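Have a look at the structure below before the remarks.
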Amino acid sequence: MLETIWFLLWGILWAVYFMLDGFDLGLGTIAPFLARSDADRRVMYNAMGPFWDGNEVWLITAGGVTFAAFPTTYAVMFSALYTPLLLLLFALILRAVALEFRSKLTSGVWRKVWDACHFVGSFLPSLLLGVAFANIFRGIPIDGEGIFHGNLLTLLNPYGLLGGVLFVLLFAVHGALWLAIKAEGDLSRRAVRTAAGLWPALLVAAAAFLGASWFATGLYRNYLGNPALWAVPLVTVAALLAVRFLVAKRAWVKAWFASALTIAGATLFGVAGLHPVLFPSSLDPAYSLTIFNSSSSPLTLKIMLGVALTFVPVVIAYQVWGYYVFRGKVTQEDIASDEAY
Amino acid sequence: MDAVTLSRLQFAVATYFHFLFVPLTLGLSVLVAIMETQFVRTGDEEYKRMTKFWGKLFVMNFVLGVVTGITLEFQFGTNWSRYSKYVGDIFGSLLAIEATTSFFLESTLIGIWLFGWNRLSPKMHAACIWLVAAASNLSAYWILAANSWMQHPVGYAIRNGRAELTDFWAVVSQTYAVFMFLHVLAAAFLVAGFFVMGISAYHMLRGTNIPFFRRSFKMAATLALLFSIAEVGIGDFHGREMMKAQPAKAAAAESVWESVKGAPMYLIVIPDEANERNRVQLLGIPKLLSLVALGDAEGLYRGLKEWPREQRPPVAVTFWSFRIMVVLGFFFVLMSVLAWLKRNRPEASPGFLRLLMWCLPLPYLAAELGWTVTEMGRQPWIVYGMMKTGDAASPLAGIQVGLSLAAFVVVYSLLGIACFYLIAKYARKAPAPVSPAAG
């Protein structure tokens, strides 16, 4: 029971991370294609300015919770995915530093270099997270000792890459909608056009991913065994369709929430299919790491549950407050302030 | 080189780099919070200018501390998977609690504080920076409790082929953790104090914005005085805990080879590790080492020869790091007393200000040396007496770790240069005037 609760919390933490940092990463990915001036760039950076750092902590917490609740999975997952994980970390470092440093000097070269870093630091994590999760759904070649038999190319299989493309598109649409909400005038309109333009590609990628999962993974076993679970992919697909509908109705905020629901749903679609496995082995199902053979002791799970149930609602409360404080458009006055990115 | 050695080097690079930013985050957050509180209380715009000037340097430093911390947390999994598997039940939960209770708070509130000058009431805004300061320091406590557990494991039982938690309270409240935290805290305030004094000295030497920097200097000097003196006492208590928990580390830190009752403290020592003796050993003060380390002038100080060679930490690096750190610690007391005495008219002593400017890096050096003692002195153990470092690494190929280590060195060097350049540039700028429009 405790293990299942923690599995659920684990899935939710990832879903919230993708939902929140997804718009930062997506906006960073589309920025070079959308920005026509330094002013455009600064609106984009300041649209995520007060939020990205708090959003990123959901990733740290997802990692920390994997460590605390399922230490064996943490150990095997992180060492098996060594190269992609370190690439992800370096990319996120570049993203963060680029935001903080970029507008501190007026030199054109300085800003161009950090703009490039910010793009890499946004695009690469989107891609890597998608590739990694698709491969987890598919199974990783680990043996009974948790030793990884493969390399980075093993992970770049067609299904893994499809997962990467799906994440990049999900986040790009999510980021474009965020910019539509936060930017004014022409930039906002261009952001809407980007979201609407990318949406068909996202729909194709999502459909392809759902279909390919049937052949490439065992995710659907749980769905066949427990039909109530179909609610997850159904809601997800409905949310994805709602995104386009709401964009057409010019309801950007609602469209953003629908997009957030799509991202969370896509994550939970995989998580629900995995249960009770956290990290499946493609060599032999007996080597798979499950919530039972990789979890912490009951005492640790109980203490951690107490901490999570106490503090996560508090975290949500002050993060919601933060979003409320910085509601509305990024204005010229915001950009002109001394602290702006 | 094998994957274990490379993973150790990589962790060392990542930790040293991370700790170039952490102490200033811990110390300067509190100092900036005090400045802003003074602004809210008195309405004096000068304090607001101070908050903004030092706050800007604080934020640039903060972001690097955050991102380099993430690579550390994840490296336990990537490079030390056998360790993570064996002790994750205890160690992992401390890191997860740190993220949930502290890291979230500081990372969310720093954004609100930085961008919220015009959106929050002055009181709310000041409350935000206090929360950032409190969360950062609380975060340090969890991390140091985790490290203390590696130095002195408590509250666990070996079950199911791993270390499992039996007493959470024992893990988070052990004396070792409390003193390690206080030790790091005082070090962090010293870093911040000398940082602010050093930069203020630069401006006062140029004769610009004297009242602004005199006021900053005065606050920093008071902070440095309090914590340099406190650090001597805390360091001594922490040393005694180390003596109890890790006698081999203590013996290496002092380079004592033979067990002796009423051990003297030699002011000048040069260890000769290969021959298990000290090449030079001069100016001994009778019984002082036993008195300081054991609280008993006649106490038995255990020498390194009590442990077989393979269970001793590397002596030379542990000894020199410890010795230089301690000498620096006393030097900081001297400089802080002088700075505090000159606090009302520091600009009248240009020679001293020049010296202070050059002292800015020294507390950083002391902090890094302290970590060297802590981590090298624990060897060959990753968890003292429980698990050897050599048994803890991930099953990775040497080439894989070699490449990532190279990437760490390149990326961190470039980031370090960019960050140093930017902080140096902003530190030399004149503080911006407060215009009523910008509020």
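Following the order of the structure tokens, first chain is A, next is B, and so on, with residues numbered from 1 inside each chain and ligands from 1 in the order they appear.
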
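Proximity to chain B at a cut-off of 6 Å picks out Pro50, Asp53, Gly54, Val57, Thr61, Gly64, Val65, Phe67, Ala68, Pro71, Thr72, Tyr74, Ala75, Phe78, Ser79, Tyr82, Ile93 and Ser296 of chain A on chain A, counting only C-alpha atoms.
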
Now that the selection is made, can you save its residues with C-alpha atoms as a PDB file, in the first residue's frame?
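Heads up, here's the output in part26.pdb:
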ATOM      1  CA  PRO A  50       9.792  34.847 -11.676  1.00  0.00           C
ATOM      2  CA  ASP A  53      13.496  28.452 -10.692  1.00  0.00           C
ATOM      3  CA  GLY A  54      10.576  27.260  -8.596  1.00  0.00           C
ATOM      4  CA  VAL A  57      12.660  22.256  -8.195  1.00  0.00           C
ATOM      5  CA  THR A  61      12.122  16.714  -5.879  1.00  0.00           C
ATOM      6  CA  GLY A  64      15.052  13.186  -4.555  1.00  0.00           C
ATOM      7  CA  VAL A  65      11.865  11.216  -4.037  1.00  0.00           C
ATOM      8  CA  PHE A  67      16.229   8.351  -4.152  1.00  0.00           C
ATOM      9  CA  ALA A  68      14.295   8.334  -0.891  1.00  0.00           C
ATOM     10  CA  PRO A  71      16.743   3.896  -3.773  1.00  0.00           C
ATOM     11  CA  THR A  72      17.529   0.864  -5.906  1.00  0.00           C
ATOM     12  CA  TYR A  74      17.353   5.660  -8.310  1.00  0.00           C
ATOM     13  CA  ALA A  75      20.743   3.936  -8.335  1.00  0.00           C
ATOM     14  CA  PHE A  78      20.576   7.195 -12.915  1.00  0.00           C
ATOM     15  CA  SER A  79      23.680   5.106 -13.609  1.00  0.00           C
ATOM     16  CA  TYR A  82      24.437   8.210 -17.225  1.00  0.00           C
ATOM     17  CA  ILE A  93      22.695  24.690 -16.002  1.00  0.00           C
ATOM     18  CA  SER A 296      12.802   1.916   1.040  1.00  0.00           C
TER      19      SER A 296
END

> If you count only C-alpha atoms, which residues fall within 12 Å of Asn293 (chain A), apart from same-chain ones fewer than 6 positions away, as an NGL selection string?
Replying inline: (:A and (3 or 69-73 or 144 or 276-279 or 286-287)) or (:B and (85 or 160))

Residues from last step as file, N, CA and C atoms, as a tab-separated table (two decimals), in the first residue's frame:
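Final output, again-v6.tsv:
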chain	number	residue	atom	x	y	z
A	3	GLU	N	3.90	1.49	-0.79
A	3	GLU	CA	4.67	1.53	-2.04
A	3	GLU	C	3.83	2.11	-3.17
A	69	ALA	N	12.42	7.07	-1.82
A	69	ALA	CA	11.39	6.04	-1.74
A	69	ALA	C	11.81	4.76	-2.45
A	70	PHE	N	12.57	4.91	-3.55
A	70	PHE	CA	12.97	3.73	-4.33
A	70	PHE	C	14.47	3.79	-4.61
A	71	PRO	N	15.30	3.68	-3.58
A	71	PRO	CA	16.74	3.90	-3.77
A	71	PRO	C	17.37	2.99	-4.82
A	72	THR	N	16.91	1.75	-4.92
A	72	THR	CA	17.53	0.86	-5.91
A	72	THR	C	17.20	1.33	-7.32
A	73	THR	N	15.97	1.78	-7.53
A	73	THR	CA	15.61	2.33	-8.84
A	73	THR	C	16.44	3.57	-9.14
A	144	GLY	N	20.45	-8.47	-13.99
A	144	GLY	CA	20.01	-8.68	-12.62
A	144	GLY	C	20.81	-7.89	-11.60
A	276	PRO	N	3.22	-2.15	-11.57
A	276	PRO	CA	4.01	-1.65	-10.44
A	276	PRO	C	5.50	-1.56	-10.74
A	277	VAL	N	5.83	-1.51	-12.04
A	277	VAL	CA	7.24	-1.43	-12.43
A	277	VAL	C	7.65	0.04	-12.50
A	278	LEU	N	8.87	0.32	-12.04
A	278	LEU	CA	9.42	1.66	-12.16
A	278	LEU	C	10.43	1.75	-13.29
A	279	PHE	N	11.17	0.66	-13.45
A	279	PHE	CA	12.25	0.65	-14.42
A	279	PHE	C	12.34	-0.75	-15.00
A	286	ALA	N	12.25	-10.46	-15.11
A	286	ALA	CA	12.65	-10.76	-13.73
A	286	ALA	C	13.65	-9.73	-13.21
A	287	TYR	N	14.36	-9.05	-14.12
A	287	TYR	CA	15.35	-8.04	-13.70
A	287	TYR	C	14.72	-6.66	-13.50
B	85	LYS	N	22.24	2.67	-3.38
B	85	LYS	CA	21.42	1.50	-3.12
B	85	LYS	C	21.56	1.07	-1.65
B	160	ASN	N	18.29	-6.60	5.33
B	160	ASN	CA	18.01	-6.80	3.90
B	160	ASN	C	19.18	-6.37	3.03

>> Excluding Ala170 (chain B) and its own-chain neighbours fewer than 3 positions away, which residues fall within 8 Å of it when counting only C-alpha atoms? Please give them as a ChimeraX atom specification.
In response: /B:154-155,167,173-174

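Among the candidate residues B:Leu28, B:Met180, B:Val172, B:Leu369, the one lying nearest to Ile129 (chain B) is B:Leu28, with distances computed using only C-alpha atoms.
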
>> So that I can check the surroundings of Lys182 (chain A), please list as a list in words every protein, DNA and RNA residue that reaches within 7 Å of it, counting only C-alpha atoms and ignoring chain neighbours fewer than 4 positions away.
In response: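 Result of the neighbour search: Ala47, Trp178, Gly328, Lys329 and Val330 of chain A.
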
Residue selection dump (N, CA and C atoms) as a PDB file, in the first residue's frame:
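This is the output file out.pdb:
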ATOM      1  N   ALA A  47       8.904  36.650 -19.233  1.00  0.00           N
ATOM      2  CA  ALA A  47       7.647  35.914 -19.074  1.00  0.00           C
ATOM      3  C   ALA A  47       7.847  34.688 -18.185  1.00  0.00           C
ATOM      4  N   TRP A 178       1.889  30.066 -23.289  1.00  0.00           N
ATOM      5  CA  TRP A 178       2.304  30.911 -22.161  1.00  0.00           C
ATOM      6  C   TRP A 178       2.683  32.313 -22.658  1.00  0.00           C
ATOM      7  N   GLY A 328      -0.933  38.578 -15.325  1.00  0.00           N
ATOM      8  CA  GLY A 328      -1.001  39.658 -16.305  1.00  0.00           C
ATOM      9  C   GLY A 328       0.213  39.685 -17.218  1.00  0.00           C
ATOM     10  N   LYS A 329       0.199  40.662 -18.107  1.00  0.00           N
ATOM     11  CA  LYS A 329       1.205  40.746 -19.161  1.00  0.00           C
ATOM     12  C   LYS A 329       2.543  41.263 -18.634  1.00  0.00           C
ATOM     13  N   VAL A 330       3.597  40.887 -19.336  1.00  0.00           N
ATOM     14  CA  VAL A 330       4.904  41.500 -19.097  1.00  0.00           C
ATOM     15  C   VAL A 330       4.878  42.861 -19.797  1.00  0.00           C
TER      16      VAL A 330
END

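Every residue of region 105-207 of chain B with a DSSP assignment of strand (DSSP E or B), taken from the backbone, is listed as B:Tyr156, B:Ala157, B:Ile158, B:Arg159, B:Arg162, B:Ala163, B:Glu164, B:Leu165.
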
> Skipping near chain neighbours, those fewer than 2 positions away, what residues fall within 9 Å of Leu59 (chain A) using only C-alpha atoms, listed as a VMD selection string?
Replying inline: chain A and resid 13 to 14 16 to 18 21 55 to 57 61 to 64

Write the residues of the selection above to a file with C-alpha atoms, as a PDB file, in the first residue's frame.
ATOM      1  CA  LEU A  13       5.811  14.798  -9.244  1.00  0.00           C
ATOM      2  CA  TRP A  14       7.057  14.105 -12.757  1.00  0.00           C
ATOM      3  CA  VAL A  16       3.807  18.487 -12.331  1.00  0.00           C
ATOM      4  CA  TYR A  17       7.411  19.076 -13.335  1.00  0.00           C
ATOM      5  CA  PHE A  18       6.632  18.606 -17.031  1.00  0.00           C
ATOM      6  CA  ASP A  21       8.851  23.652 -16.446  1.00  0.00           C
ATOM      7  CA  ASN A  55       9.402  25.104 -11.499  1.00  0.00           C
ATOM      8  CA  GLU A  56      12.763  23.403 -11.816  1.00  0.00           C
ATOM      9  CA  VAL A  57      12.660  22.256  -8.195  1.00  0.00           C
ATOM     10  CA  THR A  61      12.122  16.714  -5.879  1.00  0.00           C
ATOM     11  CA  ALA A  62      11.169  13.993  -8.362  1.00  0.00           C
ATOM     12  CA  GLY A  63      14.812  12.899  -8.342  1.00  0.00           C
ATOM     13  CA  GLY A  64      15.052  13.186  -4.555  1.00  0.00           C
TER      14      GLY A  64
END

>> List as a ChimeraX atom specification the protein and nucleic acid residues near region 310-312 of chain B, meaning an atom at most 9 Å away when only C-alpha atoms are counted, but skip any in the same chain fewer than 6 places from it.
In response: /B:248-249,252,304,377-381
